[in-house]
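Source file protein15.csv; content: CSV, C-alpha atoms.
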```csv
chain,number,residue,atom,x,y,z
A,1,MET,CA,218.2,63.3,-26.6
A,2,ASP,CA,215.5,65.7,-27.6
A,3,ILE,CA,212.2,64.8,-29.3
A,4,GLY,CA,213.5,65.7,-32.8
A,5,THR,CA,216.4,63.2,-32.5
A,6,ILE,CA,214.1,60.5,-31.2
A,7,VAL,CA,211.7,61.0,-34.1
A,8,VAL,CA,214.5,60.8,-36.7
A,9,LEU,CA,215.9,57.6,-35.0
A,10,ILE,CA,212.4,56.0,-35.0
A,11,LEU,CA,211.9,56.9,-38.7
A,12,ALA,CA,215.3,55.5,-39.6
A,13,ALA,CA,214.7,52.3,-37.7
A,14,ALA,CA,211.3,51.9,-39.4
A,15,MET,CA,212.8,52.3,-42.8
A,16,VAL,CA,215.5,49.7,-42.0
A,17,VAL,CA,212.8,47.3,-40.9
A,18,ILE,CA,210.6,48.0,-44.0
A,19,ALA,CA,213.6,47.5,-46.2
A,20,TYR,CA,214.4,44.1,-44.6
A,21,PHE,CA,210.8,43.0,-45.1
A,22,ARG,CA,211.0,43.9,-48.8
A,23,GLY,CA,214.1,41.7,-49.2
A,24,GLY,CA,217.8,41.5,-48.7
A,25,GLU,CA,218.7,43.4,-51.9
A,26,VAL,CA,216.6,46.4,-50.9
A,27,ALA,CA,218.2,46.4,-47.4
A,28,ALA,CA,221.7,46.1,-48.9
A,29,ALA,CA,221.0,49.0,-51.3
A,30,GLY,CA,219.8,51.0,-48.4
A,31,TRP,CA,223.0,50.4,-46.5
A,32,ARG,CA,225.0,51.3,-49.6
A,33,GLY,CA,223.2,54.6,-49.8
A,34,THR,CA,223.8,55.1,-46.1
A,35,PHE,CA,227.5,54.7,-46.4
A,36,ARG,CA,227.6,56.8,-49.6
A,37,ALA,CA,225.9,59.6,-47.6
A,38,LEU,CA,228.4,59.2,-44.8
A,39,GLN,CA,231.2,59.6,-47.3
A,40,ASP,CA,229.6,62.7,-48.8
A,41,PHE,CA,228.6,64.4,-45.6
A,42,LEU,CA,230.9,63.3,-42.8
A,43,PRO,CA,233.7,65.8,-43.7
A,44,LEU,CA,231.1,68.6,-43.7
A,45,PHE,CA,229.7,67.5,-40.3
A,46,ILE,CA,233.2,67.3,-38.8
A,47,GLY,CA,233.9,70.8,-40.0
A,48,ILE,CA,230.6,72.1,-38.7
A,49,PHE,CA,231.1,70.4,-35.3
A,50,VAL,CA,234.7,71.9,-35.0
A,51,LEU,CA,233.4,75.3,-36.0
A,52,ILE,CA,230.6,75.2,-33.5
A,53,GLY,CA,232.7,73.7,-30.7
A,54,PHE,CA,235.5,76.3,-31.1
A,55,SER,CA,233.0,79.2,-31.6
A,56,GLU,CA,231.5,78.3,-28.2
A,57,VAL,CA,234.8,78.8,-26.5
A,58,LEU,CA,236.4,81.6,-28.7
A,59,ILE,CA,233.3,83.9,-28.7
A,60,PRO,CA,232.5,84.8,-25.2
A,61,ARG,CA,228.8,84.3,-24.2
A,62,GLU,CA,228.8,87.9,-22.9
A,63,ILE,CA,229.5,89.2,-26.4
A,64,ILE,CA,226.7,87.1,-27.9
A,65,ALA,CA,224.3,88.1,-25.2
A,66,ARG,CA,225.2,91.8,-25.5
A,67,TRP,CA,224.9,91.9,-29.3
A,68,LEU,CA,222.2,89.3,-29.9
A,69,GLY,CA,220.5,88.7,-26.6
A,70,PRO,CA,217.0,89.8,-25.7
A,71,GLY,CA,218.4,93.0,-24.2
A,72,ALA,CA,219.8,94.0,-27.6
A,73,GLY,CA,216.3,94.5,-28.9
A,74,LEU,CA,216.0,95.9,-32.4
A,75,ARG,CA,219.7,96.4,-32.7
A,76,GLY,CA,220.3,92.6,-32.1
A,77,ILE,CA,217.6,91.7,-34.6
A,78,MET,CA,219.1,93.9,-37.3
A,79,ILE,CA,222.6,92.5,-36.6
A,80,ALA,CA,221.3,89.0,-36.8
A,81,SER,CA,219.5,89.8,-40.0
A,82,GLY,CA,222.7,91.1,-41.6
A,83,VAL,CA,224.8,88.1,-40.4
A,84,GLY,CA,222.2,85.6,-41.4
A,85,MET,CA,222.4,86.6,-45.0
A,86,LEU,CA,226.2,86.1,-45.0
A,87,ILE,CA,226.1,82.5,-43.8
A,88,PRO,CA,226.9,80.1,-46.7
A,89,GLY,CA,225.6,76.5,-47.0
A,90,GLY,CA,222.5,74.6,-46.3
A,91,PRO,CA,220.7,73.7,-43.1
A,92,PHE,CA,223.5,71.3,-42.1
A,93,VAL,CA,225.6,74.5,-41.6
A,94,SER,CA,223.2,77.1,-40.5
A,95,PHE,CA,220.9,75.2,-38.0
A,96,PRO,CA,223.8,73.9,-35.8
A,97,LEU,CA,225.3,77.5,-35.8
A,98,ILE,CA,221.9,79.0,-35.0
A,99,ALA,CA,221.4,76.5,-32.1
A,100,MET,CA,224.9,77.3,-30.8
A,101,LEU,CA,224.1,81.1,-30.8
A,102,HIS,CA,220.8,80.5,-29.0
A,103,ARG,CA,222.5,78.3,-26.3
A,104,ALA,CA,225.2,81.0,-25.9
A,105,GLY,CA,222.6,83.7,-25.1
A,106,ALA,CA,221.2,85.0,-28.4
A,107,GLY,CA,217.5,86.0,-28.0
A,108,VAL,CA,214.6,84.3,-29.8
A,109,GLY,CA,214.1,87.5,-31.8
A,110,ALA,CA,217.7,87.5,-33.1
A,111,VAL,CA,217.6,83.8,-33.8
A,112,VAL,CA,214.4,84.0,-35.8
A,113,ALA,CA,215.8,87.1,-37.7
A,114,PHE,CA,219.0,85.2,-38.4
A,115,LEU,CA,217.2,82.1,-39.7
A,116,THR,CA,214.8,84.1,-41.8
A,117,ALA,CA,217.6,86.2,-43.3
A,118,TRP,CA,219.5,83.0,-44.1
A,119,SER,CA,216.4,81.5,-45.7
A,120,LEU,CA,215.4,84.6,-47.8
A,121,TRP,CA,218.5,86.7,-48.4
A,122,SER,CA,221.4,84.2,-48.5
A,123,LEU,CA,224.1,86.0,-50.6
A,124,THR,CA,225.5,82.6,-51.7
A,125,ARG,CA,222.3,81.8,-53.6
A,126,LEU,CA,221.9,85.1,-55.4
A,127,PRO,CA,224.2,84.3,-58.4
A,128,LEU,CA,222.3,81.1,-59.0
A,129,GLU,CA,219.0,82.8,-58.6
A,130,PHE,CA,220.1,85.6,-61.0
A,131,ALA,CA,221.3,83.1,-63.6
A,132,ILE,CA,218.2,80.9,-63.5
A,133,LEU,CA,215.4,83.4,-62.7
A,134,GLY,CA,216.8,86.5,-64.2
A,135,PRO,CA,217.3,90.0,-62.7
A,136,ARG,CA,213.7,91.1,-62.7
A,137,LEU,CA,212.3,88.1,-60.9
A,138,MET,CA,215.2,88.0,-58.4
A,139,ALA,CA,214.7,91.8,-57.7
A,140,ALA,CA,210.9,91.2,-57.2
A,141,ARG,CA,211.6,88.4,-54.7
A,142,LEU,CA,214.3,90.4,-52.8
A,143,ILE,CA,212.2,93.6,-52.7
A,144,SER,CA,209.1,91.7,-51.5
A,145,THR,CA,211.0,90.0,-48.7
A,146,LEU,CA,213.1,93.0,-47.7
A,147,PHE,CA,211.5,93.6,-44.4
A,148,MET,CA,210.7,89.9,-43.5
A,149,PRO,CA,213.8,89.0,-41.4
A,150,PRO,CA,213.6,92.1,-39.1
A,151,LEU,CA,209.8,91.8,-38.9
A,152,ALA,CA,209.9,88.1,-38.1
A,153,GLY,CA,212.6,88.8,-35.5
A,154,TRP,CA,210.6,91.6,-34.0
A,155,ILE,CA,207.5,89.5,-33.7
A,156,ALA,CA,209.4,86.6,-32.1
A,157,TYR,CA,211.1,89.2,-29.8
A,158,ARG,CA,207.7,90.6,-28.7
A,159,LEU,CA,206.2,87.1,-28.2
A,160,PHE,CA,209.1,85.2,-26.6
A,161,ASP,CA,211.9,87.5,-25.4
A,162,ARG,CA,210.0,89.8,-23.1
```

Rewrite the coordinates I just gave you, this time as structure tokens.
Amino acid sequence: MDIGTIVVLILAAAMVVIAYFRGGEVAAAGWRGTFRALQDFLPLFIGIFVLIGFSEVLIPREIIARWLGPGAGLRGIMIASGVGMLIPGGPFVSFPLIAMLHRAGAGVGAVVAFLTAWSLWSLTRLPLEFAILGPRLMAARLISTLFMPPLAGWIAYRLFDR
């Protein structure tokens, strides 16, 4: 277990204890919410775990290292920026995928570029952004963040991949 998992488990345990101190109905409502969340998210998690597990064996580490590894330099950062904007879904999808790529040999620069592109350029959010914010504001945001994923990846590459 890593520190992030330990922190989440401690926070979860603390919330359970607090709920029980506040009364049985509060704790029962908390458990109902927990099982509702399990019903909502368990199919997604299973799909993500299968996707990641099979990606690790179907995509050779050598390919990931060659195209996204520290040796790929700026080319790997640009590829990761392009792929990052294509990944649909929220953090439950992208973070495990990004962690798998890093474990498989993707460099820190490429991982940061991927994550930044997913955060700023996600194509799946653009229709909603266009509809709610309008074309002018959406264009202003896209243009102002145009160089951020490659720049963030390059900075991370210079600091951590060399």

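When atom CA of Leu137 of chain A is paired with atom CA of Met78 of chain A, their separation reads 25.2 Å.
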
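With distances restricted to all atoms listed in the file, A:Trp121 is the closest residue to Thr145 of chain A from A:Trp121, A:Phe49, A:Phe130, A:Trp31.
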
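Surrounding residues of (225.5, 77.9, -29.3) at most 10 Å away are Ile52, Gly53, Ser55, Glu56, Val57, Ile59, Arg61, Ile64, Pro96, Leu97, Ile98, Ala99, Met100, Leu101, His102, Arg103, Ala104, Gly105 and Ala106 of chain A (based on all atoms listed in the file).
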
Quick check, in Å to one decimal: how far apart do atom CA of Ser144 of chain A and atom CA of Leu159 of chain A lie? 23.9 Å

Atom CA of Phe114 of chain A to atom CA of Thr5 of chain A: how many Å, to one decimal? 22.9 Å

Of the candidates A:Trp118, A:Glu62, A:Phe45, A:Trp154, which shows the shortest atom-to-atom distance to Gly84 of chain A, using only C-alpha atoms? A:Trp118

Proximity of segment 6-124 of chain A to segment 140-143 of chain A: per-residue shortest pair, 12 Å limit, all atoms listed in the file, as CSV:
```
residue,atom,partner,partner_atom,distance
A:Met85,CA,A:Leu142,CA,11.9
A:Ala117,CA,A:Leu142,CA,10.9
A:Ser119,CA,A:Leu142,CA,11.6
A:Leu120,CA,A:Leu142,CA,7.7
A:Trp121,CA,A:Leu142,CA,7.1
A:Ser122,CA,A:Leu142,CA,10.4
A:Leu123,CA,A:Leu142,CA,11.0
```

From the set A:Leu115, A:Ala28, A:Tyr20, A:Arg75, which residue has the shortest atom-to-atom contact distance to Pro91 of chain A, counting all atoms listed in the file? A:Leu115

Counting only C-alpha atoms, what is within 7 Å of Trp67 of chain A, bar same-chain residues fewer than 4 positions away, as a compact mmCIF listing (two decimals) with C-alpha atoms, keeping the file's coordinate frame?
```
# COMPACT_ATOMS: atom_id res chain seq x y z
CA ILE A 63 229.50 89.20 -26.40
CA ALA A 72 219.80 94.00 -27.60
CA GLY A 76 220.30 92.60 -32.10
```

Of A:Gly69, A:Leu11, A:Arg162, A:Ser81, the one nearest to Pro149 of chain A when counting all atoms listed in the file is A:Ser81

Shell around Phe160 of chain A at 9 Å using all atoms listed in the file, local window under 4 positions removed, as a PyMOL selection string: chain A and resi 107-109+155-156

Report as a tab-separated table the residues of segment 85-108 of chain A within 12 Å of segment 33-42 of chain A, each with its shortest atom pair and distance in Å (one decimal), using only C-alpha atoms, ordered by chain and increasing residue number.
```
residue	atom	partner	partner_atom	distance
A:Gly90	CA	A:Phe41	CA	11.9
A:Phe92	CA	A:Phe41	CA	9.3
A:Val93	CA	A:Phe41	CA	11.3
```

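Proximity ranking of A:Leu126, A:Ala131, A:Ala14, A:Gly47 relative to Leu86 of chain A places A:Leu126 first, based on all atoms listed in the file.
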
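Of the listed residues (A:Leu9, A:Val26, A:Ile46, A:Val83), A:Val83 comes nearest to Leu68 of chain A; the distances count all atoms listed in the file.
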